[in-house]
Amino acid sequence: MYSIADNIKLILAELPKEVRLVAVSKYHPNDAIMEAYQAGQRIFGESKVQEMTAKYNSLPKDIEWHFIGHLQSNKIKYMAPYVHLIHGIDSYKLLTEVNKCAAKENRTIKCLLQIHIAQEESKFGFSAEECKAMLSTNEWQTLQHIQICGLMGMATFTNDNEQINHEFYFLHQLFQEIKKAWFQNNDYFCELSMGMSDDYPLAISNGSTLVRVGSKIFGNRIY
Ligand SMILES: *Cc1c(COP(=O)(O)O)cnc(C)c1O
């Protein structure tokens, strides 16, 4: 049996140094997170605001909390005081809501725009065209309390590696295109969040900078 600490070490050994590991701790208890923390892990990803906030309140304050779930605008205020990065922004309206809550906290919140790259209907996100159309209006430039730091995507749930590779490749191309068109002189537009337990090596070979790995660290989730 591998421990959580062993799993983290094995995964970190595979990551190039410019790629960071988001340990996806959703549905796992504080002890499991603390085991990862003792092994040196500081970045954790959660998909429910209430669960993440309870964990934030009871765990060490040097943890970077990343919200990776589907965001509801009425929940943003609970994480606005502390969240480090929101991965799943999929509408301009959400961006304005995050901006409003961040302003109240006197913070700037980092956000990633989620792009729908999978074939499944159920996964959230902008299409490439919707995303570019949103950026083209330049209205987002007026939002002083958010920073768009890059893109996020989830590949199709399939064993077809060629399909997954194609989707990650597409997202990387889009990242570069968007960087060039709107964030040329911006150091902070630099994150490409893609790759999970089953597909992170493919994501890394396509330019991922943040891999979101859950079950490969913590085991299966009990819902
Ligand atoms: C749950 C989740 C993950 C982690 O999935 P694993 O397959 O357990 O690694 C990554 N990204 C998102 C958006 C998730 O919801």
# chains A, B, ... in the order shown; residues from 1 in each chain; ligands from 1
call {"tool": "select_by_dssp", "arguments": {"residues": "stretch 46-150 of chain A", "states": "strand (DSSP E or B)", "output": "VMD selection string"}}
result
chain A and resid 46 64 to 67 85 to 89 109 to 115 126 146 to 150
call {"tool": "residues_around", "arguments": {"residues": "A:Glu97", "least_positions_apart": "6", "cutoff": "12 Å", "atoms": "only C-alpha atoms", "output": "list in words"}}
result
Leu71, Gln72, Ser73, Asn74, Lys75, Ile76, Lys77, Ala80, Ile89, Asp90, Ser91, Ala103, Lys104, Ile109, Cys111, Trp140, Leu143, His145 and Ile146 of chain A
call {"tool": "atom_distance", "arguments": {"atom1": "atom CA of A:Arg221", "atom2": "atom CA of A:Asp160"}}
result
23.6 Å
call {"tool": "atom_distance", "arguments": {"atom1": "atom CA of A:Ser58", "atom2": "atom CA of A:Val24"}}
result
17.2 Å
call {"tool": "atom_distance", "arguments": {"atom1": "atom CA of A:Ile148", "atom2": "atom CA of A:Lys17"}}
result
22.7 Å
call {"tool": "residues_near_ligand", "arguments": {"ligand": "ligand 1", "cutoff": "10 Å", "atoms": "only C-alpha atoms and all ligand atoms", "output": "PyMOL selection string"}}
result
chain A and resi 22-27+45-48+67-70+87-88+114+123-124+152-155+157+193-200+211-221
